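query.cif (mmCIF, C-alpha atoms)
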```cif
data_entry
#
loop_
_atom_site.label_atom_id
_atom_site.label_comp_id
_atom_site.auth_asym_id
_atom_site.auth_seq_id
_atom_site.Cartn_x
_atom_site.Cartn_y
_atom_site.Cartn_z
CA MET A 1 133.08 62.90 69.13
CA SER A 2 129.52 62.77 67.85
CA ARG A 3 128.72 65.37 65.22
CA ALA A 4 125.01 64.70 65.73
CA ALA A 5 125.30 65.51 69.45
CA LEU A 6 126.80 68.86 68.46
CA LEU A 7 123.73 69.59 66.34
CA VAL A 8 121.44 68.74 69.25
CA LEU A 9 123.33 71.09 71.59
CA ALA A 10 123.67 73.91 69.04
CA ASP A 11 120.02 73.78 67.94
CA GLY A 12 118.29 77.07 68.63
CA ARG A 13 115.34 75.02 69.89
CA PHE A 14 117.39 73.34 72.60
CA PRO A 15 115.11 74.16 75.56
CA ALA A 16 117.51 76.19 77.69
CA GLY A 17 115.84 79.58 77.87
CA GLY A 18 117.78 81.47 75.19
CA HIS A 19 114.64 82.52 73.32
CA ALA A 20 113.80 85.10 75.98
CA HIS A 21 117.14 86.93 75.65
CA SER A 22 118.32 89.29 72.90
CA GLY A 23 122.03 89.54 73.74
CA GLY A 24 121.77 93.30 74.04
CA ALA A 25 119.97 93.71 70.71
CA GLU A 26 116.76 95.08 72.22
CA GLU A 27 118.62 97.95 73.87
CA ALA A 28 120.71 98.56 70.74
CA VAL A 29 117.58 98.67 68.57
CA LYS A 30 115.93 101.22 70.85
CA ALA A 31 119.11 103.30 70.97
CA GLY A 32 119.20 103.31 67.17
CA ARG A 33 122.42 101.33 66.87
CA ILE A 34 120.71 98.45 65.07
CA THR A 35 118.39 99.58 62.28
CA ASP A 36 119.00 97.15 59.41
CA ALA A 37 121.07 94.15 58.31
CA GLU A 38 124.31 96.15 58.01
CA SER A 39 124.12 97.58 61.50
CA LEU A 40 123.06 94.17 62.85
CA GLU A 41 126.22 92.71 61.31
CA ARG A 42 128.41 95.38 62.93
CA PHE A 43 126.71 94.76 66.28
CA CYS A 44 127.18 90.98 65.99
CA ARG A 45 130.81 91.34 64.90
CA GLY A 46 131.51 93.46 67.97
CA ARG A 47 129.78 90.96 70.21
CA LEU A 48 131.62 88.05 68.64
CA HIS A 49 135.06 89.57 69.28
CA THR A 50 134.24 90.49 72.88
CA THR A 51 131.63 88.53 74.84
CA GLY A 52 131.59 85.81 72.17
CA LEU A 53 135.33 85.26 72.51
CA VAL A 54 135.19 85.31 76.31
CA ALA A 55 132.27 82.86 76.38
CA ALA A 56 134.04 80.56 73.92
CA GLY A 57 137.21 80.52 76.05
CA LEU A 58 135.25 79.64 79.19
CA ALA A 59 133.24 76.96 77.38
CA ALA A 60 136.33 75.41 75.80
CA ALA A 61 138.15 75.35 79.15
CA ALA A 62 135.15 73.69 80.83
CA ALA A 63 135.00 71.12 78.03
CA LEU A 64 138.68 70.36 78.61
CA GLY A 65 137.99 69.58 82.25
CA THR A 66 139.01 72.81 84.03
CA ASP A 67 137.38 73.18 87.46
CA PRO A 68 133.97 74.72 86.66
CA LEU A 69 133.86 76.68 89.92
CA ALA A 70 137.15 78.40 89.07
CA LEU A 71 135.75 79.17 85.62
CA ASP A 72 132.56 80.49 87.19
CA GLU A 73 134.62 82.98 89.19
CA ALA A 74 136.56 83.87 86.05
CA ALA A 75 133.25 84.57 84.28
CA ASP A 76 132.14 86.82 87.14
CA ALA A 77 135.40 88.75 86.89
CA ARG A 78 134.86 89.22 83.15
CA THR A 79 131.27 90.51 83.51
CA PRO A 80 131.17 93.97 85.14
CA SER A 81 127.40 94.45 84.73
CA ALA A 82 125.35 92.98 87.57
CA ALA A 83 122.41 92.61 85.18
CA LEU A 84 124.52 90.53 82.79
CA ARG A 85 125.92 88.42 85.60
CA ALA A 86 122.36 87.70 86.73
CA ALA A 87 121.24 86.90 83.17
CA GLY A 88 124.29 84.65 82.64
CA ARG A 89 123.57 82.66 85.81
CA LYS A 90 119.87 82.41 85.03
CA LEU A 91 120.63 81.05 81.57
CA GLY A 92 123.25 78.75 83.05
CA ARG A 93 120.71 77.35 85.47
CA GLN A 94 118.23 76.75 82.67
CA LEU A 95 120.88 75.11 80.50
CA LEU A 96 121.94 72.91 83.40
CA ARG A 97 118.38 71.66 83.78
CA ALA A 98 118.14 70.82 80.08
CA ALA A 99 121.64 69.32 80.02
CA ARG A 100 121.05 67.05 83.00
CA ALA A 101 117.91 65.71 81.37
CA THR A 102 119.66 65.28 78.01
CA TRP A 103 123.15 64.04 78.92
CA PRO A 104 123.15 63.06 82.61
CA SER A 105 126.65 63.13 84.09
CA PRO A 106 128.21 63.23 87.57
CA GLU A 107 130.00 66.49 86.67
CA LEU A 108 126.75 68.25 85.75
CA ALA A 109 125.14 66.93 88.94
CA ALA A 110 128.08 68.20 91.01
CA LEU A 111 127.88 71.66 89.45
CA ALA A 112 124.13 71.81 90.09
CA ALA A 113 124.75 70.91 93.73
CA ALA A 114 127.54 73.49 94.10
CA ARG A 115 125.64 76.28 92.29
CA PRO A 116 121.90 75.68 92.83
CA ARG A 117 121.13 79.24 91.69
CA GLY A 118 123.06 78.71 88.49
CA ALA A 119 126.61 78.92 87.17
CA HIS A 120 127.54 81.18 84.24
CA GLN A 121 126.07 79.89 81.01
CA PRO A 122 129.34 79.41 79.06
CA VAL A 123 130.75 77.28 81.88
CA VAL A 124 127.64 75.09 81.91
CA LEU A 125 127.79 74.96 78.12
CA GLY A 126 131.34 73.62 78.16
CA LEU A 127 130.51 71.06 80.82
CA THR A 128 127.43 70.03 78.82
CA ALA A 129 129.56 69.55 75.71
CA ARG A 130 131.86 67.36 77.80
CA ALA A 131 128.92 65.30 79.06
CA ALA A 132 127.73 64.89 75.47
CA GLY A 133 131.12 63.51 74.46
CA LEU A 134 132.05 66.68 72.58
CA GLY A 135 135.35 68.54 72.59
CA PRO A 136 136.56 72.09 73.31
CA GLU A 137 136.17 73.23 69.69
CA ASP A 138 132.54 72.08 69.71
CA ALA A 139 131.84 73.93 72.96
CA ALA A 140 133.53 77.07 71.63
CA TYR A 141 131.54 76.88 68.39
CA CYS A 142 128.28 76.67 70.33
CA ALA A 143 129.30 79.70 72.41
CA VAL A 144 130.31 81.91 69.49
CA TYR A 145 127.30 80.93 67.44
CA GLU A 146 124.94 81.70 70.33
CA SER A 147 126.65 85.05 70.84
CA VAL A 148 125.48 86.21 67.41
CA SER A 149 122.43 84.07 66.62
CA GLY A 150 120.55 85.35 69.67
CA PRO A 151 120.75 89.02 68.62
CA ALA A 152 119.99 88.12 65.01
CA THR A 153 116.75 86.28 65.77
CA ALA A 154 115.76 88.92 68.33
CA THR A 155 116.22 91.63 65.69
CA VAL A 156 113.92 89.75 63.34
CA ARG A 157 111.24 89.99 66.01
CA LEU A 158 112.03 93.55 67.13
CA LEU A 159 112.48 95.28 63.78
CA GLY A 160 110.59 92.96 61.47
CA LEU A 161 113.95 92.55 59.76
CA ASP A 162 113.81 90.22 56.75
CA PRO A 163 114.73 86.79 58.22
CA PHE A 164 116.69 85.87 55.09
CA GLN A 165 118.86 88.95 55.56
CA ALA A 166 119.39 88.15 59.23
CA THR A 167 120.49 84.62 58.36
CA ALA A 168 122.81 85.95 55.66
CA VAL A 169 124.43 88.15 58.33
CA LEU A 170 125.22 85.02 60.34
CA ALA A 171 126.66 83.32 57.27
CA ARG A 172 128.92 86.30 56.53
CA LEU A 173 130.21 86.09 60.10
CA ALA A 174 131.19 82.42 59.72
CA PRO A 175 134.91 83.02 58.93
CA ALA A 176 135.16 85.36 61.94
CA MET A 177 133.46 82.72 64.09
CA ASP A 178 136.03 80.12 62.97
CA GLU A 179 138.86 82.49 63.88
CA THR A 180 137.30 83.29 67.27
CA VAL A 181 136.97 79.59 68.08
CA ARG A 182 140.66 79.00 67.22
CA SER A 183 141.77 81.82 69.56
CA ALA A 184 139.47 80.70 72.35
CA VAL A 185 140.54 77.05 72.22
CA ALA A 186 144.23 77.97 72.03
CA ALA A 187 143.82 80.06 75.18
CA ALA A 188 141.83 77.30 76.92
CA ARG A 189 144.64 74.82 76.23
CA ARG A 190 147.05 77.08 78.14
CA VAL A 191 144.88 77.02 81.29
CA PRO A 192 146.46 73.87 82.84
CA ASP A 193 149.84 75.68 82.86
CA GLU A 194 148.84 79.31 83.29
CA GLY A 195 145.52 79.17 85.13
CA VAL A 196 142.23 80.81 84.15
CA ASP A 197 143.99 84.16 83.60
CA ALA A 198 145.08 82.71 80.24
CA LEU A 199 141.47 82.90 79.04
CA PRO A 200 140.30 85.83 76.87
CA ARG A 201 138.99 88.88 78.73
CA ALA A 202 137.86 91.19 75.94
CA ALA A 203 135.24 93.63 77.21
CA ALA A 204 132.36 95.41 75.48
CA PRO A 205 131.62 98.41 77.71
CA LEU A 206 128.62 99.57 75.70
CA LEU A 207 126.98 96.14 76.01
CA GLU A 208 127.54 96.23 79.76
CA ILE A 209 126.15 99.76 80.10
CA GLY A 210 123.25 98.97 77.78
CA ALA A 211 122.39 95.86 79.80
CA GLU A 212 122.14 97.94 82.98
CA ALA A 213 119.85 100.44 81.24
CA HIS A 214 117.73 97.67 79.72
CA ALA A 215 117.26 95.93 83.06
CA ALA A 216 115.59 99.08 84.39
CA TRP A 217 113.06 99.46 81.57
CA PRO A 218 109.48 99.01 82.78
CA VAL A 219 108.37 97.51 79.45
CA ARG A 220 110.50 95.22 77.32
CA LEU A 221 110.13 92.14 75.18
CA PHE A 222 113.34 90.35 76.17
CA ALA A 223 114.81 89.50 79.55
CA SER A 224 118.24 90.84 78.51
CA MET B 1 132.08 57.39 78.38
CA HIS B 2 129.65 60.21 78.96
CA LEU B 3 126.78 59.16 76.78
CA ASP B 4 124.18 56.79 78.15
CA HIS B 5 123.88 56.54 81.90
CA ALA B 6 120.53 54.78 81.98
CA THR B 7 121.62 52.53 84.82
CA THR B 8 123.79 55.00 86.72
CA PHE B 9 121.08 57.70 86.74
CA PRO B 10 117.76 55.87 86.76
CA GLU B 11 116.01 58.72 88.57
CA ARG B 12 114.91 61.75 86.63
CA HIS B 13 116.29 64.98 88.01
CA THR B 14 114.42 68.21 88.53
CA HIS B 15 113.94 68.98 84.89
CA SER B 16 110.24 68.35 84.59
CA ALA B 17 107.01 68.14 86.49
CA GLU B 18 107.68 65.02 88.52
CA PRO B 19 104.79 64.41 90.92
CA VAL B 20 106.92 64.21 94.07
CA ARG B 21 109.45 66.56 95.61
CA ALA B 22 113.03 65.57 96.36
CA ASP B 23 111.96 64.72 99.93
CA GLY B 24 109.28 62.32 98.67
CA THR B 25 106.23 64.48 99.46
CA ARG B 26 103.74 65.21 96.70
CA ARG B 27 104.46 68.58 95.09
CA ALA B 28 101.92 71.30 94.36
CA LEU B 29 99.32 70.70 91.66
CA ARG B 30 100.12 72.93 88.69
CA ILE B 31 97.26 74.28 86.61
CA GLY B 32 97.89 76.31 83.46
CA LEU B 33 95.55 79.02 82.19
CA GLY B 34 95.88 79.92 78.51
CA GLY B 35 93.82 81.62 75.85
CA PRO B 36 93.67 84.58 73.48
CA VAL B 37 94.57 88.14 74.46
CA GLY B 38 91.87 89.88 76.47
CA SER B 39 89.72 86.82 77.14
CA GLY B 40 89.95 87.29 80.90
CA LYS B 41 92.76 84.98 82.00
CA THR B 42 94.19 87.39 84.55
CA ALA B 43 90.74 88.32 85.87
CA THR B 44 89.95 84.61 86.25
CA VAL B 45 93.24 84.00 88.06
CA ALA B 46 92.50 86.93 90.38
CA ALA B 47 89.02 85.60 91.10
CA LEU B 48 90.37 82.08 91.69
CA CYS B 49 92.92 83.44 94.16
CA ARG B 50 90.18 85.22 96.10
CA ALA B 51 87.99 82.12 96.08
CA LEU B 52 90.70 79.66 97.12
CA ARG B 53 93.27 81.54 99.18
CA ASP B 54 91.59 81.00 102.56
CA THR B 55 91.57 77.22 102.22
CA VAL B 56 94.41 76.43 99.80
CA SER B 57 98.11 77.39 99.94
CA LEU B 58 98.64 78.72 96.44
CA ALA B 59 100.88 80.88 94.25
CA VAL B 60 100.78 82.30 90.72
CA VAL B 61 103.32 82.43 87.89
CA THR B 62 102.52 84.91 85.10
CA ASN B 63 104.00 84.86 81.59
CA ASP B 64 103.71 88.32 80.14
CA ILE B 65 104.51 89.35 76.62
CA TYR B 66 106.14 92.45 77.96
CA THR B 67 107.41 91.69 81.44
CA ARG B 68 105.25 92.28 84.47
CA GLU B 69 101.86 93.73 83.43
CA ASP B 70 99.80 90.77 84.63
CA ALA B 71 101.85 90.23 87.76
CA ASP B 72 101.48 93.92 88.58
CA PHE B 73 97.71 93.69 88.09
CA LEU B 74 97.51 90.80 90.55
CA LEU B 75 99.70 92.74 92.99
CA ARG B 76 97.55 95.88 92.71
CA GLU B 77 94.42 93.83 93.27
CA ALA B 78 96.18 92.30 96.29
CA VAL B 79 94.75 88.86 95.54
CA LEU B 80 97.83 87.25 97.09
CA PRO B 81 100.83 88.47 99.09
CA PRO B 82 103.57 89.67 96.70
CA GLU B 83 105.92 86.79 97.52
CA ARG B 84 103.33 84.40 96.08
CA ILE B 85 103.36 85.99 92.61
CA ALA B 86 106.25 85.48 90.16
CA ALA B 87 106.63 86.84 86.61
CA VAL B 88 108.44 85.04 83.79
CA GLU B 89 109.73 87.03 80.82
CA THR B 90 109.03 85.36 77.50
CA GLY B 91 111.00 87.17 74.76
CA ALA B 92 107.96 88.04 72.63
CA CYS B 93 106.87 84.39 72.50
CA PRO B 94 104.57 83.37 75.36
CA HIS B 95 103.74 79.99 73.83
CA THR B 96 107.46 79.10 73.70
CA ALA B 97 107.77 79.61 77.44
CA ILE B 98 104.78 77.40 78.29
CA ARG B 99 105.31 74.67 75.70
CA ASP B 100 108.62 74.45 73.79
CA ASP B 101 111.08 75.69 76.42
CA ILE B 102 109.55 75.47 79.87
CA SER B 103 112.79 75.95 81.82
CA ALA B 104 112.10 79.49 83.05
CA ASN B 105 108.61 78.54 84.23
CA LEU B 106 109.83 75.44 86.06
CA GLU B 107 112.39 77.58 87.81
CA ALA B 108 109.78 80.15 88.80
CA VAL B 109 107.61 77.42 90.32
CA GLU B 110 110.56 75.95 92.23
CA ASP B 111 111.71 79.36 93.41
CA LEU B 112 108.24 80.07 94.81
CA GLU B 113 108.30 76.85 96.81
CA ASP B 114 111.88 77.51 97.94
CA ALA B 115 110.91 80.97 99.16
CA ILE B 116 107.57 80.30 100.87
CA GLY B 117 107.59 76.60 101.63
CA PRO B 118 105.44 73.78 100.31
CA LEU B 119 102.41 74.85 98.27
CA GLN B 120 99.26 72.94 97.37
CA LEU B 121 98.48 74.74 94.11
CA VAL B 122 100.37 76.81 91.54
CA LEU B 123 98.43 78.61 88.81
CA VAL B 124 100.59 79.24 85.72
CA GLU B 125 99.06 81.95 83.54
CA SER B 126 100.13 82.17 79.91
CA GLY B 127 100.55 85.46 78.15
CA GLY B 128 97.70 86.12 75.72
CA ASP B 129 98.40 84.11 72.60
CA ASN B 130 96.59 82.28 69.83
CA LEU B 131 94.23 79.33 69.64
CA THR B 132 97.07 76.82 69.26
CA ALA B 133 98.91 77.78 72.46
CA THR B 134 98.78 74.91 74.93
CA PHE B 135 100.91 74.03 77.95
CA SER B 136 103.56 71.34 78.06
CA LYS B 137 102.71 68.36 80.26
CA GLY B 138 106.23 68.82 81.63
CA LEU B 139 105.06 72.11 83.17
CA VAL B 140 101.42 71.67 84.24
CA ASP B 141 99.21 68.80 85.36
CA ALA B 142 96.00 70.26 83.94
CA GLN B 143 95.09 73.24 81.82
CA ILE B 144 92.22 75.65 81.48
CA PHE B 145 91.62 77.44 78.18
CA VAL B 146 89.82 80.77 78.50
CA ILE B 147 87.95 82.31 75.57
CA ASP B 148 85.28 84.98 75.66
CA VAL B 149 81.99 85.58 73.87
CA ALA B 150 83.16 88.91 72.45
CA GLY B 151 86.06 87.24 70.63
CA GLY B 152 83.49 85.69 68.28
CA ASP B 153 80.99 82.90 68.86
CA ASP B 154 82.65 80.84 66.11
CA ILE B 155 85.80 80.10 68.18
CA PRO B 156 84.48 76.80 69.63
CA ARG B 157 83.53 75.67 66.12
CA LYS B 158 87.00 76.55 64.78
CA GLY B 159 88.55 74.33 67.43
CA GLY B 160 92.33 74.18 67.68
CA PRO B 161 94.40 72.51 70.39
CA GLY B 162 93.36 74.93 73.15
CA VAL B 163 89.63 74.54 72.58
CA THR B 164 89.66 70.82 71.85
CA THR B 165 92.19 69.45 74.33
CA ALA B 166 92.18 71.69 77.43
CA ASP B 167 90.98 69.92 80.56
CA LEU B 168 88.49 72.74 81.09
CA LEU B 169 87.17 75.24 78.54
CA VAL B 170 85.92 78.51 80.04
CA VAL B 171 83.70 80.75 77.93
CA ASN B 172 84.04 84.07 79.69
CA LYS B 173 82.08 87.36 79.68
CA THR B 174 78.70 85.74 79.05
CA ASP B 175 77.09 89.01 80.22
CA LEU B 176 78.33 90.60 76.98
CA ALA B 177 76.66 88.05 74.70
CA PRO B 178 73.51 90.07 73.93
CA HIS B 179 75.58 93.18 73.22
CA VAL B 180 77.95 91.55 70.74
CA GLY B 181 75.43 89.23 69.10
CA SER B 182 77.03 86.02 70.31
CA ASP B 183 74.87 82.89 70.45
CA LEU B 184 75.71 81.04 73.68
CA ASP B 185 73.68 77.95 72.74
CA ARG B 186 75.58 77.66 69.50
CA MET B 187 78.89 78.05 71.36
CA ALA B 188 77.84 75.29 73.77
CA ARG B 189 76.81 72.95 70.91
CA ASP B 190 80.04 73.60 69.01
CA ALA B 191 82.15 73.11 72.14
CA LYS B 192 80.39 69.81 72.88
CA GLU B 193 81.07 68.69 69.31
CA GLN B 194 84.77 69.55 69.57
CA ARG B 195 85.35 68.36 73.12
CA HIS B 196 82.92 65.47 73.58
CA GLU B 197 82.99 64.65 77.31
CA LEU B 198 85.50 67.34 78.37
CA PRO B 199 83.86 70.01 80.55
CA VAL B 200 82.89 73.57 79.52
CA VAL B 201 82.00 76.39 81.90
CA PHE B 202 80.14 79.52 80.83
CA GLN B 203 81.06 82.31 83.22
CA SER B 204 80.56 85.99 83.88
CA LEU B 205 82.83 87.35 86.57
CA ARG B 206 80.34 90.21 86.97
CA SER B 207 77.54 87.87 88.02
CA ASP B 208 76.95 86.69 91.59
CA ALA B 209 78.21 83.21 90.76
CA GLY B 210 81.43 84.67 89.39
CA VAL B 211 84.26 82.17 89.28
CA ALA B 212 82.52 79.63 91.56
CA GLU B 213 82.11 76.87 88.99
CA VAL B 214 85.75 77.07 87.86
CA ALA B 215 86.88 77.20 91.48
CA ASP B 216 84.87 74.03 92.18
CA TRP B 217 86.57 72.34 89.22
CA VAL B 218 89.98 73.35 90.58
CA ARG B 219 89.04 72.01 94.05
CA GLY B 220 88.04 68.73 92.41
CA ARG B 221 91.36 68.43 90.60
CA LEU B 222 93.20 69.29 93.79
CA ALA B 223 91.31 66.64 95.76
CA ALA B 224 92.10 64.04 93.09
CA TRP B 225 95.77 65.10 93.03
CA THR B 226 96.09 64.90 96.79
CA ALA B 227 94.38 61.50 96.93
CA ALA B 228 96.49 59.96 94.14
#
```
Go ahead and render the structure in this file as structure tokens.
Amino acid sequence: MSRAALLVLADGRFPAGGHAHSGGAEEAVKAGRITDAESLERFCRGRLHTTGLVAAGLAAAAALGTDPLALDEAADARTPSAALRAAGRKLGRQLLRAARATWPSPELAALAAARPRGAHQPVVLGLTARAAGLGPEDAAYCAVYESVSGPATATVRLLGLDPFQATAVLARLAPAMDETVRSAVAAARRVPDEGVDALPRAAAPLLEIGAEAHAAWPVRLFAS
Amino acid sequence: MHLDHATTFPERHTHSAEPVRADGTRRALRIGLGGPVGSGKTATVAALCRALRDTVSLAVVTNDIYTREDADFLLREAVLPPERIAAVETGACPHTAIRDDISANLEAVEDLEDAIGPLQLVLVESGGDNLTATFSKGLVDAQIFVIDVAGGDDIPRKGGPGVTTADLLVVNKTDLAPHVGSDLDRMARDAKEQRHELPVVFQSLRSDAGVAEVADWVRGRLAAWTAA
């Protein structure tokens, strides 16, 4: 395992399209659910324990070598909102492009051929980690960190929130991120025996509903 | 085992602006248009579409700060059929989408060609940004930087990557110069100083000549691209 490769993949500047997405923060800001650092932390904690956990499970399973197409279907089943499914596939397609340029591998090429319009982002993330010589924990860490860092940086732009405060929110969430990764990887290790149903399926209904509302806005800063 | 596949995968994939398509034919020339807010990028794109659409198979990708304003303008003006105009959302950072993370724009270009067949020219319009916003060479083959006389006649002197390095600098709205006290000769001298041999076009889309000179430049680039 290369720790440096993990830093390359986890870097917020990794060119895979994430900068245009807020992880539901734009809708939550407009609805008044995120107004400051405290409410941002509550929002991120909720996201971490729901979509963050689910994404980490899918990514860890992909990194362990589970069939990515089966995981892609599992991701669909865990994403009720059509807008979020579309955003997840779009981001997956963008990540696949960056990953194939960065860590070319036959598995990434096969996934691109099977899903030319994009597979779900966490699945691509796990397969990318695998191509980079990383393990399931690494993939899960990338997934949980993205699940909260996206909303945090978006909130800095949307609210003019003090960037130091936003970063401190992420630091306070670190123990919860560790715990989420442990759960996700433990579930992913059960997949060979129990199938993809062993993976986490925590849902965040308000994020799903908010994503549908957000997708219909005529004017918005973020794609999701 | 997964790390370096330099010999197994000598070809580059579809991640950047490779000059040929998967089938070996030469892909569309991609020209980026950037520049500050309100300098007339969208109006120039609209005029270019009108000037070129009868002889060139082209499409447009817009990068708006808030979703589809520019794309909607081009649709309202009916400069191209709707299937030839695509909008990329940029998450409050238009320069990121044209320079640091070009993945969404590359996909938009590919989707256009998938949907309507091979194109000769794709114009990629940046959202209005600042004087440092330039396009990645992984996204476009040439770029036009559009400023206007009302934004201040000191912009060419100030320079910056857009003014100094763009393949073509367009100084727009020359008809406004007398009204805003801008000195066109000074702008031309300053631009020459910053850009040396790189071309500069002074344009007013309200004049009879309109976008003709810029359209000729685009035709020249297209001819060179096709011949290469």
query = So what does the PyMOL selection byres ((chain A) within 6 of (chain B)) actually pick up in this one, as a list in words?
reply =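 Output of the PyMOL selection byres ((chain A) within 6 of (chain B)): Pro15, Ala20, Gln94, Arg97, Ala131, Ala132, Gly133, Val219, Arg220, Leu221, Phe222 and Ala223 of chain A.
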request  = Excluding B:Asp154 and any residue of its chain fewer than 2 positions from it, enumerate the residues within 10 Å of it, using all atoms listed in the file, and give them as a PyMOL selection string.
outcome  = chain B and resi 149+151-152+156-159+182-183+186-187+190-191
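Here atom CA of A:Pro151 is placed at a distance of 21.5 Å from atom CA of A:Pro200.
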inquiry  = Can you measure atom CA of A:Gln121 to atom CA of A:Asp197 for me? One decimal in Å is fine.
reply    =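 Rounded to one decimal, the two atoms are 18.6 Å apart.
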ask   = For B:Asn172, which of B:Ala87, B:Ala43, B:Leu119, B:Ala78 is the closest residue, counting only C-alpha atoms?
value =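 Comparing B:Ala87, B:Ala43, B:Leu119, B:Ala78 against B:Asn172, the winner is B:Ala43.
Between atom CA of B:Ile31 and atom CA of B:Val124 there is a distance of 6.0 Å.
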inquiry  = Could you list, as a PyMOL selection string, every residue within 8 Å of A:Ile34, counting all atoms listed in the file and ignoring same-chain residues fewer than 6 positions away?
reply    = chain A and resi 25+28+40+43
Mind running stretch 159-226 of chain B against stretch 17-26 of chain B at 12 Å and telling me each contacting residue's nearest atom pair with the distance in Å (one decimal), counting only C-alpha atoms, chain and number ascending, as JSON lines?
```
{"residue": "B:Leu222", "atom": "CA", "partner": "B:Arg26", "partner_atom": "CA", "distance": 11.7}
{"residue": "B:Trp225", "atom": "CA", "partner": "B:Arg26", "partner_atom": "CA", "distance": 8.8}
{"residue": "B:Thr226", "atom": "CA", "partner": "B:Arg26", "partner_atom": "CA", "distance": 7.7}
```
ask   = Looking at only C-alpha atoms, which of A:His21, A:Arg201, A:His49, A:Arg85 is the one that sits closest to A:Met177?
value = A:His49
ask   = Where does the PyMOL selection byres ((chain B and resi 48) around 9) land in this file, that is, which residues does it pick, as a list in words?
value =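 So the PyMOL selection byres ((chain B and resi 48) around 9) ends up selecting Ala43, Thr44, Val45, Ala46, Ala47, Cys49, Arg50, Ala51, Leu52, Arg53, Val79, Val211, Ala212, Val214, Ala215 and Val218 of chain B.
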query = Given the file above and the PyMOL selection byres ((chain A and resi 158-167) around 9), which residues are selected, and can you give them as a list of chain:residue names?
reply =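 So the PyMOL selection byres ((chain A and resi 158-167) around 9), applied here, picks out A:Ala25, A:Glu26, A:Val29, A:Ile34, A:Thr35, A:Asp36, A:Ala37, A:Leu40, A:Glu41, A:Ser149, A:Ala152, A:Thr153, A:Ala154, A:Thr155, A:Val156, A:Arg157, A:Ala168, A:Val169, A:Leu170, A:Ala171, A:Arg172, A:Leu221, B:Ala92.
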task = Excluding A:Ser147 and residues on its chain fewer than 6 positions from it, collect all residues at most 9 Å away from it, counting only C-alpha atoms, and give them as number ranges by chain.
result = A: 23, 44, 47-48, 51-53, 55
My structure is short of atoms at stretch 41-54 of chain B; please model N, CA and C atoms there, returning them as a tab-separated table (two decimals), keeping the file's coordinate frame.
```tsv
chain	number	residue	atom	x	y	z
B	41	LYS	N	91.93	85.94	81.26
B	41	LYS	CA	92.76	84.98	82.00
B	41	LYS	C	93.18	85.57	83.35
B	42	THR	N	93.70	86.79	83.31
B	42	THR	CA	94.19	87.39	84.55
B	42	THR	C	93.04	87.65	85.52
B	43	ALA	N	91.91	88.09	85.00
B	43	ALA	CA	90.74	88.32	85.87
B	43	ALA	C	90.28	87.00	86.49
B	44	THR	N	90.34	85.92	85.71
B	44	THR	CA	89.95	84.61	86.25
B	44	THR	C	90.93	84.15	87.31
B	45	VAL	N	92.23	84.37	87.05
B	45	VAL	CA	93.24	84.00	88.06
B	45	VAL	C	93.00	84.79	89.35
B	46	ALA	N	92.73	86.10	89.20
B	46	ALA	CA	92.50	86.93	90.38
B	46	ALA	C	91.29	86.42	91.16
B	47	ALA	N	90.23	86.08	90.44
B	47	ALA	CA	89.02	85.60	91.10
B	47	ALA	C	89.27	84.25	91.77
B	48	LEU	N	90.04	83.39	91.09
B	48	LEU	CA	90.37	82.08	91.69
B	48	LEU	C	91.17	82.26	92.97
B	49	CYS	N	92.12	83.19	92.96
B	49	CYS	CA	92.92	83.44	94.16
B	49	CYS	C	92.02	83.86	95.32
B	50	ARG	N	91.08	84.77	95.03
B	50	ARG	CA	90.18	85.22	96.10
B	50	ARG	C	89.33	84.06	96.61
B	51	ALA	N	88.88	83.21	95.69
B	51	ALA	CA	87.99	82.12	96.08
B	51	ALA	C	88.71	81.03	96.86
B	52	LEU	N	90.00	80.83	96.58
B	52	LEU	CA	90.70	79.66	97.12
B	52	LEU	C	91.69	79.97	98.24
B	53	ARG	N	92.10	81.25	98.35
B	53	ARG	CA	93.27	81.54	99.18
B	53	ARG	C	93.06	81.24	100.66
B	54	ASP	N	91.81	81.25	101.13
B	54	ASP	CA	91.59	81.00	102.56
B	54	ASP	C	91.72	79.53	102.92
```
